[in-house]
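S.K.: The following file, data.txt, comprises compact mmCIF, C-alpha atoms:
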# COMPACT_ATOMS: atom_id res chain seq x y z
CA MET A 1 11.04 11.68 -32.17
CA VAL A 2 11.64 13.89 -29.19
CA THR A 3 8.90 16.39 -28.72
CA MET A 4 7.72 18.35 -25.78
CA VAL A 5 4.13 17.22 -25.96
CA THR A 6 4.28 13.44 -26.08
CA ALA A 7 4.40 13.19 -22.31
CA MET A 8 1.38 11.83 -20.49
CA HIS A 9 1.73 13.96 -17.41
CA MET A 10 2.24 17.64 -16.66
CA SER A 11 5.42 19.01 -18.19
CA ASP A 12 7.62 21.66 -16.67
CA GLY A 13 6.44 25.22 -17.17
CA LEU A 14 2.66 24.76 -17.25
CA VAL A 15 2.41 26.44 -13.86
CA ASN A 16 4.80 29.02 -12.40
CA ALA A 17 7.73 28.25 -10.12
CA THR A 18 5.99 29.28 -6.92
CA THR A 19 3.07 26.97 -7.62
CA SER A 20 5.43 24.13 -8.48
CA LEU A 21 7.26 24.71 -5.21
CA VAL A 22 4.10 24.85 -3.12
CA PHE A 23 2.77 21.60 -4.57
CA GLY A 24 6.23 20.07 -4.27
CA ALA A 25 5.95 20.73 -0.54
CA VAL A 26 2.41 19.32 -0.47
CA ALA A 27 3.65 16.17 -2.20
CA VAL A 28 6.60 15.71 0.18
CA VAL A 29 4.49 16.17 3.32
CA GLY A 30 1.78 13.88 1.97
CA LEU A 31 4.24 11.19 0.95
CA VAL A 32 6.05 11.22 4.29
CA LEU A 33 2.72 10.78 6.05
CA CYS A 34 1.85 7.92 3.70
CA LEU A 35 5.23 6.23 4.23
CA VAL A 36 4.75 6.36 7.99
CA ARG A 37 1.20 5.03 7.84
CA ALA A 38 2.05 2.45 5.14
CA ARG A 39 4.25 0.51 7.58
CA ALA A 40 1.22 -0.74 9.48
CA ASP A 41 -0.20 -2.21 6.27
CA LEU A 42 3.00 -3.93 5.14
CA ASP A 43 4.24 -7.37 6.06
CA GLU A 44 5.90 -10.30 4.31
CA ARG A 45 2.60 -11.08 2.62
CA THR A 46 1.57 -7.64 1.40
CA ALA A 47 4.97 -6.10 0.52
CA PRO A 48 5.54 -8.23 -2.62
CA MET A 49 1.93 -7.60 -3.67
CA ALA A 50 2.48 -3.84 -3.32
CA GLY A 51 5.61 -4.09 -5.47
CA LEU A 52 3.75 -5.91 -8.21
CA VAL A 53 0.80 -3.54 -8.10
CA THR A 54 3.27 -0.68 -8.65
CA ALA A 55 4.83 -2.40 -11.66
CA PHE A 56 1.36 -3.19 -13.02
CA VAL A 57 0.29 0.46 -12.81
CA PHE A 58 3.45 1.48 -14.69
CA ALA A 59 2.64 -1.04 -17.42
CA VAL A 60 -1.02 -0.12 -17.79
CA GLN A 61 -0.29 3.64 -17.77
CA MET A 62 1.59 3.04 -21.03
CA ILE A 63 -1.60 1.93 -22.72
CA ASN A 64 -3.32 5.02 -24.06
CA PHE A 65 -6.83 4.19 -25.24
CA PRO A 66 -8.77 6.40 -27.68
CA ILE A 67 -11.60 8.46 -26.20
CA LEU A 68 -12.36 10.88 -29.04
CA PRO A 69 -10.88 11.36 -32.51
CA GLY A 70 -7.42 12.75 -31.84
CA ALA A 71 -7.57 12.34 -28.07
CA SER A 72 -6.67 9.47 -25.77
CA GLY A 73 -6.53 8.64 -22.12
CA HIS A 74 -4.65 6.30 -19.83
CA LEU A 75 -5.09 4.79 -16.41
CA LEU A 76 -4.21 6.95 -13.42
CA GLY A 77 -4.59 4.05 -11.00
CA GLY A 78 -5.76 5.77 -7.81
CA ALA A 79 -8.78 3.60 -7.03
CA LEU A 80 -6.98 0.50 -8.31
CA VAL A 81 -4.13 0.74 -5.82
CA ALA A 82 -6.37 1.98 -3.01
CA ILE A 83 -8.65 -1.06 -3.30
CA LEU A 84 -5.81 -3.57 -3.71
CA VAL A 85 -3.18 -2.32 -1.23
CA GLY A 86 -4.84 0.50 0.72
CA PRO A 87 -4.50 4.28 0.47
CA TRP A 88 -1.19 4.73 2.32
CA VAL A 89 0.74 2.07 0.45
CA GLY A 90 -1.16 2.90 -2.75
CA THR A 91 -0.14 6.55 -2.74
CA VAL A 92 3.49 5.45 -2.47
CA CYS A 93 2.94 3.04 -5.39
CA ILE A 94 1.70 5.82 -7.69
CA ALA A 95 4.49 8.16 -6.54
CA ILE A 96 7.10 5.52 -7.43
CA VAL A 97 5.56 5.16 -10.91
CA LEU A 98 5.62 8.92 -11.42
CA LEU A 99 9.23 9.14 -10.21
CA VAL A 100 10.42 6.39 -12.56
CA GLN A 101 8.51 7.96 -15.46
CA ALA A 102 9.95 11.42 -14.85
CA LEU A 103 13.53 10.30 -14.20
CA LEU A 104 13.96 7.56 -16.82
CA PHE A 105 11.26 8.12 -19.43
CA ALA A 106 11.15 11.94 -19.61
CA ASP A 107 7.44 11.71 -18.87
CA GLY A 108 6.17 14.39 -16.52
CA GLY A 109 8.46 17.31 -15.73
CA LEU A 110 10.86 17.23 -12.79
CA THR A 111 9.57 20.53 -11.43
CA ALA A 112 6.05 19.21 -12.14
CA LEU A 113 6.61 16.15 -9.94
CA GLY A 114 4.94 17.90 -7.02
CA THR A 115 1.81 18.73 -8.98
CA ASN A 116 1.71 15.32 -10.67
CA ILE A 117 2.13 13.49 -7.36
CA THR A 118 -0.49 15.72 -5.74
CA ASN A 119 -3.01 15.09 -8.52
CA MET A 120 -2.53 11.43 -9.40
CA ALA A 121 -1.12 10.00 -6.17
CA LEU A 122 -2.58 12.02 -3.28
CA ILE A 123 -5.87 13.24 -4.78
CA GLY A 124 -6.44 10.25 -7.05
CA VAL A 125 -5.75 7.54 -4.47
CA PHE A 126 -7.61 9.11 -1.57
CA THR A 127 -10.59 10.03 -3.72
CA GLY A 128 -10.75 6.48 -5.03
CA TYR A 129 -10.40 5.12 -1.52
CA GLY A 130 -13.05 7.45 -0.14
CA VAL A 131 -15.57 6.31 -2.73
CA ALA A 132 -14.63 2.67 -2.17
CA LEU A 133 -15.14 3.12 1.60
CA LEU A 134 -18.56 4.65 1.03
CA LEU A 135 -19.50 1.63 -1.06
CA ARG A 136 -17.70 -0.91 1.11
CA ARG A 137 -20.86 -2.69 2.19
CA VAL A 138 -21.74 -3.28 -1.45
CA ALA A 139 -18.16 -4.27 -2.24
CA ARG A 140 -18.09 -6.90 0.50
CA ARG A 141 -21.43 -8.41 -0.35
CA SER A 142 -20.43 -10.08 -3.62
CA ARG A 143 -17.83 -10.13 -6.36
CA SER A 144 -20.08 -8.12 -8.64
CA GLY A 145 -20.53 -5.60 -5.85
CA LEU A 146 -16.76 -5.26 -5.57
CA VAL A 147 -16.40 -4.87 -9.33
CA ALA A 148 -19.10 -2.19 -9.43
CA THR A 149 -17.45 -0.39 -6.52
CA ALA A 150 -14.12 -0.47 -8.35
CA PHE A 151 -15.69 1.02 -11.47
CA VAL A 152 -17.39 3.88 -9.63
CA ALA A 153 -14.35 4.65 -7.45
CA ALA A 154 -12.09 4.72 -10.51
CA PHE A 155 -14.43 6.96 -12.49
CA VAL A 156 -14.65 9.48 -9.65
CA ASN A 157 -10.90 9.36 -8.92
CA THR A 158 -10.14 10.26 -12.56
CA VAL A 159 -12.47 13.25 -12.71
CA ILE A 160 -11.43 14.62 -9.30
CA ALA A 161 -7.71 14.15 -10.04
CA SER A 162 -8.18 16.17 -13.22
CA LEU A 163 -9.58 18.99 -11.08
CA GLY A 164 -6.22 19.07 -9.34
CA PHE A 165 -4.69 20.46 -12.50
CA VAL A 166 -7.50 23.00 -12.85
CA ILE A 167 -6.81 24.24 -9.32
CA GLU A 168 -3.06 24.45 -9.92
CA TYR A 169 -3.68 26.27 -13.21
CA ALA A 170 -6.03 28.66 -11.45
CA ILE A 171 -3.39 29.38 -8.78
CA GLY A 172 -0.37 29.82 -10.99
CA GLY A 173 -1.05 28.79 -14.56
CA SER A 174 1.33 30.10 -17.19
CA GLY A 175 -1.55 31.09 -19.46
CA GLY A 176 -2.53 30.05 -22.93
CA ALA A 177 -6.15 29.22 -22.22
CA GLY A 178 -8.96 30.62 -20.09
CA LEU A 179 -9.74 28.95 -16.78
CA GLY A 180 -13.32 28.17 -17.77
CA THR A 181 -12.17 26.44 -20.93
CA VAL A 182 -9.55 24.47 -19.02
CA PHE A 183 -12.12 23.42 -16.43
CA ALA A 184 -14.72 22.33 -18.98
CA LEU A 185 -12.24 20.47 -21.16
CA MET A 186 -10.46 18.75 -18.28
CA VAL A 187 -13.69 17.52 -16.67
CA GLY A 188 -15.30 16.56 -19.98
CA LEU A 189 -12.31 14.62 -21.27
CA HIS A 190 -11.64 12.95 -17.94
CA ALA A 191 -15.24 11.84 -17.62
CA LEU A 192 -14.61 9.86 -20.81
CA ILE A 193 -11.21 8.67 -19.59
CA GLY A 194 -12.87 7.78 -16.28
CA VAL A 195 -15.02 5.21 -18.06
CA GLY A 196 -11.87 3.53 -19.38
CA GLU A 197 -10.24 3.82 -15.96
CA GLY A 198 -13.35 2.26 -14.46
CA VAL A 199 -13.32 -0.68 -16.87
CA ILE A 200 -9.61 -1.41 -16.33
CA THR A 201 -9.91 -1.06 -12.55
CA ALA A 202 -13.03 -3.22 -12.36
CA ALA A 203 -11.46 -5.93 -14.51
CA THR A 204 -8.22 -5.94 -12.52
CA VAL A 205 -9.84 -5.91 -9.08
CA GLY A 206 -12.31 -8.56 -10.22
CA ALA A 207 -9.52 -10.80 -11.47
CA VAL A 208 -7.48 -10.47 -8.27
CA ALA A 209 -10.56 -11.07 -6.11
CA ALA A 210 -11.43 -14.18 -8.10
CA VAL A 211 -8.04 -15.74 -7.39
CA ARG A 212 -6.80 -14.21 -4.15
CA PRO A 213 -9.51 -12.26 -2.32
CA ASP A 214 -7.25 -12.30 0.73
CA LEU A 215 -4.90 -9.92 -1.10
CA VAL A 216 -7.60 -7.28 -1.68
CA TYR A 217 -7.19 -4.55 0.94
CA LEU A 218 -10.82 -3.45 0.79
CA LEU A 219 -11.93 -6.98 1.70
CA ARG A 220 -9.66 -7.26 4.74
CA GLY A 221 -11.34 -8.56 7.88
CA THR A 222 -12.41 -6.04 10.42
CA ALA A 223 -9.44 -3.72 10.05
CA THR A 224 -10.39 -0.20 9.24
CA PRO A 225 -7.47 1.73 7.81
CA LEU A 226 -7.65 4.48 10.40
CA VAL A 227 -7.42 2.07 13.33
CA ARG A 228 -4.04 0.46 13.50
CA ARG A 229 -4.08 -3.23 14.21
CA SER A 230 -2.34 -3.90 17.49
CA ALA A 231 -1.72 -7.56 16.74
CA PRO A 232 -1.01 -9.37 13.47
CA ALA A 233 -4.23 -10.32 11.75
CA THR A 234 -5.31 -13.90 12.26
CA PRO A 235 -5.57 -16.00 9.10
CA ALA A 236 -9.33 -16.17 9.56
CA ALA A 237 -9.55 -12.38 9.31
CA GLY A 238 -8.48 -12.26 5.67
CA GLY A 239 -11.19 -12.31 3.07
CA ALA A 240 -14.03 -13.19 5.41
CA ALA A 241 -16.48 -10.85 7.12
CA MET B 1 2.73 -20.11 0.00
CA ASN B 2 3.10 -21.69 -3.42
CA GLY B 3 -0.31 -20.42 -4.40
CA ARG B 4 0.73 -16.87 -3.56
CA ARG B 5 4.03 -17.22 -5.40
CA GLY B 6 2.15 -18.44 -8.45
CA PHE B 7 -0.30 -15.58 -8.24
CA LEU B 8 2.43 -12.95 -7.92
CA LEU B 9 4.35 -14.50 -10.80
CA GLY B 10 1.21 -14.43 -12.91
CA PHE B 11 0.68 -10.77 -12.01
CA LEU B 12 4.23 -10.00 -13.14
CA VAL B 13 3.75 -11.86 -16.42
CA VAL B 14 0.60 -9.83 -17.14
CA ALA B 15 2.43 -6.57 -16.41
CA LEU B 16 5.30 -7.60 -18.70
CA LEU B 17 2.91 -8.58 -21.49
CA VAL B 18 1.05 -5.28 -21.21
CA ALA B 19 4.21 -3.15 -21.20
CA GLY B 20 6.11 -5.29 -23.67
CA GLY B 21 3.37 -6.22 -26.13
CA LEU B 22 0.11 -4.35 -25.72
CA SER B 23 2.06 -1.07 -25.66
CA TYR B 24 2.52 -1.39 -29.45
CA PHE B 25 -1.22 -0.96 -29.84
CA ALA B 26 -1.55 2.08 -27.57
CA SER B 27 -3.08 5.21 -29.04
CA SER B 28 -0.52 7.86 -29.96
CA SER B 29 -3.04 10.67 -29.69
CA PRO B 30 -2.42 13.21 -26.92
CA ASP B 31 -4.01 12.24 -23.61
CA GLY B 32 -6.63 14.26 -21.75
CA LEU B 33 -4.22 16.72 -20.17
CA ASP B 34 -2.20 17.17 -23.37
CA THR B 35 -5.38 17.72 -25.36
CA VAL B 36 -6.27 20.54 -23.00
CA ALA B 37 -2.71 21.90 -23.10
CA LEU B 38 -2.76 21.89 -26.91
CA HIS B 39 -6.24 23.44 -27.14
CA GLY B 40 -5.98 26.54 -29.35
CA CYS B 41 -2.82 25.46 -31.13
CA GLN B 42 -2.21 23.99 -34.54
CA VAL B 43 0.39 21.22 -34.23
CA THR B 44 2.79 20.75 -37.14
CA GLU B 45 5.32 17.95 -37.13
CA THR B 46 8.76 19.23 -37.97
CA GLY B 47 12.09 17.50 -38.13
CA GLY B 48 13.12 18.69 -34.69
CA GLY B 49 9.83 18.07 -32.98
CA GLU B 50 6.49 19.83 -33.06
CA GLN B 51 5.67 23.38 -33.97
CA LEU B 52 2.78 24.97 -32.13
CA ASP B 53 0.96 27.81 -33.86
CA GLY B 54 -1.73 29.79 -32.11
CA THR B 55 -2.17 30.23 -28.37
CA CYS B 56 -2.18 27.28 -25.99
CA ILE B 57 -0.89 26.17 -22.61
CA ALA B 58 1.61 23.71 -24.11
CA GLN B 59 3.65 26.61 -25.52
CA ASN B 60 4.86 27.20 -21.97
CA ALA B 61 6.09 23.63 -21.60
CA GLY B 62 9.82 23.38 -21.21
CA GLU B 63 12.11 20.81 -22.76
CA HIS B 64 12.23 17.88 -20.39
CA ALA B 65 15.24 17.80 -18.09
CA THR B 66 15.80 14.10 -18.73
CA SER B 67 14.96 14.14 -22.46
CA GLY B 68 18.50 12.85 -23.01
CA SER B 69 17.73 9.68 -21.08
CA PRO B 70 18.25 6.47 -23.09
CA LEU B 71 14.63 5.58 -22.33
CA ALA B 72 13.16 9.03 -23.05
CA ASP B 73 9.64 8.95 -24.51
CA TYR B 74 9.33 5.20 -23.93
CA SER B 75 11.90 4.21 -26.53
CA VAL B 76 15.39 2.80 -26.39
CA PHE B 77 17.75 5.50 -27.65
CA GLY B 78 14.86 6.92 -29.68
CA GLY B 79 14.69 3.82 -31.87
CA ASP B 80 11.49 2.98 -33.72
CA GLY B 81 9.62 -0.06 -32.46
CA THR B 82 11.43 -0.16 -29.13
CA VAL B 83 8.49 0.81 -26.94
CA GLY B 84 8.03 -2.78 -25.77
CA ILE B 85 11.64 -3.08 -24.65
CA ALA B 86 11.42 0.25 -22.86
CA GLY B 87 8.20 -0.95 -21.23
CA VAL B 88 9.74 -4.19 -19.97
CA VAL B 89 12.71 -2.29 -18.55
CA GLY B 90 10.29 0.15 -16.92
CA VAL B 91 8.26 -2.63 -15.32
CA LEU B 92 11.38 -4.29 -13.92
CA VAL B 93 12.85 -1.03 -12.62
CA THR B 94 9.53 -0.01 -11.06
CA LEU B 95 9.15 -3.45 -9.51
CA GLY B 96 12.69 -3.36 -8.14
CA VAL B 97 12.33 0.08 -6.58
CA ALA B 98 8.91 -0.68 -5.11
CA PHE B 99 9.89 -4.13 -3.90
CA VAL B 100 12.97 -2.90 -2.04
CA LEU B 101 11.16 0.08 -0.51
CA PHE B 102 8.15 -1.94 0.65
CA ARG B 103 10.37 -4.73 2.00
CA VAL B 104 12.36 -2.21 4.04
CA LEU B 105 9.15 -0.63 5.35
CA ALA B 106 7.72 -4.06 6.22
CA ARG B 107 10.92 -5.06 8.05
CA SER B 108 11.06 -1.84 10.03
CA ALA B 109 7.40 -2.24 10.94
CA ARG B 110 8.01 -5.81 12.07
CA SER B 111 11.01 -4.94 14.21
CA ALA B 112 9.05 -2.08 15.75
CA ARG B 113 6.24 -4.51 16.53
CA SER B 114 8.52 -7.15 18.00
CA ALA B 115 10.41 -4.57 20.06
CA ARG B 116 7.08 -3.45 21.47
CA SER B 117 5.98 -6.96 22.33
CA ALA B 118 9.40 -7.80 23.80
CA ARG B 119 9.15 -4.74 26.01
CA SER B 120 5.72 -5.68 27.26
CA ALA B 121 6.82 -9.29 27.77
CA ARG B 122 9.81 -8.12 29.83
CA SER B 123 7.72 -5.87 31.99
CA ALA B 124 5.23 -8.69 32.48
CA ARG B 125 7.84 -10.92 34.04
CA SER B 126 9.88 -8.22 35.67
CA ALA B 127 10.30 -10.49 38.69
CA GLU B 128 12.93 -12.59 36.92
CA PRO B 129 15.69 -10.26 35.74
CA GLU B 130 16.98 -11.08 32.30
CA ASP B 131 19.22 -8.62 30.55
CA ASP B 132 20.29 -8.71 26.95
I'd like the structure from this file rewritten - as structure tokens, please.

M.R.:
Amino acid sequence: MVTMVTAMHMSDGLVNATTSLVFGAVAVVGLVLCLVRARADLDERTAPMAGLVTAFVFAVQMINFPILPGASGHLLGGALVAILVGPWVGTVCIAIVLLVQALLFADGGLTALGTNITNMALIGVFTGYGVALLLRRVARRSRSGLVATAFVAAFVNTVIASLGFVIEYAIGGSGGAGLGTVFALMVGLHALIGVGEGVITAATVGAVAAVRPDLVYLLRGTATPLVRRSAPATPAAGGAA
Amino acid sequence: MNGRRGFLLGFLVVALLVAGGLSYFASSSPDGLDTVALHGCQVTETGGGEQLDGTCIAQNAGEHATSGSPLADYSVFGGDGTVGIAGVVGVLVTLGVAFVLFRVLARSARSARSARSARSARSARSAEPEDD
């Protein structure tokens, strides 16, 4: 059954060519920056973890959960990857998922890759990370604090990422619905989806933290993501603090 | 080391179970964005796909450029009940791409780090010349 509306992400044609091009450029610039910054967060220990987190997001994005009769939602994954592998690596993770989905699974248009990467990778990950940073003291205090932080960050990342589409539609939408309607529906539906995103993110982060807290980026020693470590972290730095 | 291997293997098994098994229970209703895109339209299933009557954003959606892909729409050659197989393939492809990319980035970061420390070590003992 090949239809044009079974895709989970933006299809081609929902916004005009100029808008697609502009957000394609935004996505490329953002991704290059993330690739450069990601290097500082990657070593023999974290690279395999980042690969698995990417595969996990692909898997969980397949699981649409019902939110209303006739409507569903699925994980976006921004806060999840930001908390587990950091914002720079995490943005690359989501972008890889979106690329594989668009190229192999006909999910998300090719010309819509820029808008999809902007919304779910750049906006979603950095929003989730921003919220997680704000709550970092809570997150580091206890496991339940971390789980609560993951829930809140995931909820916010879902709603804000959905606003990305509203902005793109406002700039160059192809029409079919009024902007106010699009805004209200997107935010309303994604507030519901955000609850599901929050539950999945909290459960996943909680499970990883229970087994390997040293692999949770948000719990890393003293390293703040904007200050590059000059020396390799000492073993004592992981998990503690 | 073994503990980490075990953890990563467990993570992979969970991802494979989700994509290969849980995917059969996923909702087939349109997601949030599609619901908005379809708002205002009446959707009728036809043999060739879906017919949209009314006025909605989704009417502007183009046919997907890779809709001819063997894995299009999370199926294997469009076969019924193949979503789990498509999911497993997707997990492995995603893992492969991400693993290679992150390994390369980690290696380049490490060699950049060691080149930096080698440089500073050389300048520290510049008294004894040592060229390589």

S.K.: Quick check: residues of chain B within 6 Å of chain A, all atoms listed in the file, returned as a ChimeraX atom specification.

M.R.: /B:15,18-19,23,26-27,29-32,49,55-57,60-63,66-67,71-74,91,94-95,98-99,102-103,105-106,109

S.K.: Which residue is closest to Gly90 of chain B? Choose from B:Val104, B:Thr35, B:Ser120, B:Pro70 and count all atoms listed in the file.

M.R.: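 Once distances to Gly90 of chain B are computed over all atoms listed in the file, the minimum belongs to B:Pro70.
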
S.K.: Quick one: distance from atom CA of Val32 of chain A to atom CA of Gly86 of chain A in Å, one decimal?

M.R.: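 Atom-to-atom, atom CA of Val32 of chain A to atom CA of Gly86 of chain A, that is 15.7 Å.
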
S.K.: For Val138 of chain A, please output as an MDAnalysis selection string all residues within 12 Å (counting all atoms listed in the file; exclusion window: fewer than 3 positions along the same chain).

M.R.: chainID A and resid 131:135 141:150 152 218:219

S.K.: In Å, how far is it from atom CA of Glu197 of chain A to atom CA of Phe155 of chain A?

M.R.: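 Rounded to one decimal, the two atoms are 6.3 Å apart.
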
S.K.: So how many Å separate atom CA of Gly47 of chain B and atom CA of Gly81 of chain B, to one decimal?

M.R.: 18.6 Å

S.K.: Nearest residue to Tyr24 of chain B out of B:Ala58, B:Ala37, B:Leu9, B:Ile85, using only C-alpha atoms?

M.R.: B:Ile85

S.K.: A:Arg220, A:Ala154, A:Phe23, A:Ala170: which is nearest Leu75 of chain A, counting only C-alpha atoms?

M.R.: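 Ranking A:Arg220, A:Ala154, A:Phe23, A:Ala170 by distance to Leu75 of chain A, first place goes to A:Ala154.
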
S.K.: Which one is closest to Leu33 of chain B: A:Arg140, A:Asn119, A:Gly221, A:Val156? Count only C-alpha atoms.

M.R.: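 Once distances to Leu33 of chain B are computed over only C-alpha atoms, the minimum belongs to A:Asn119.
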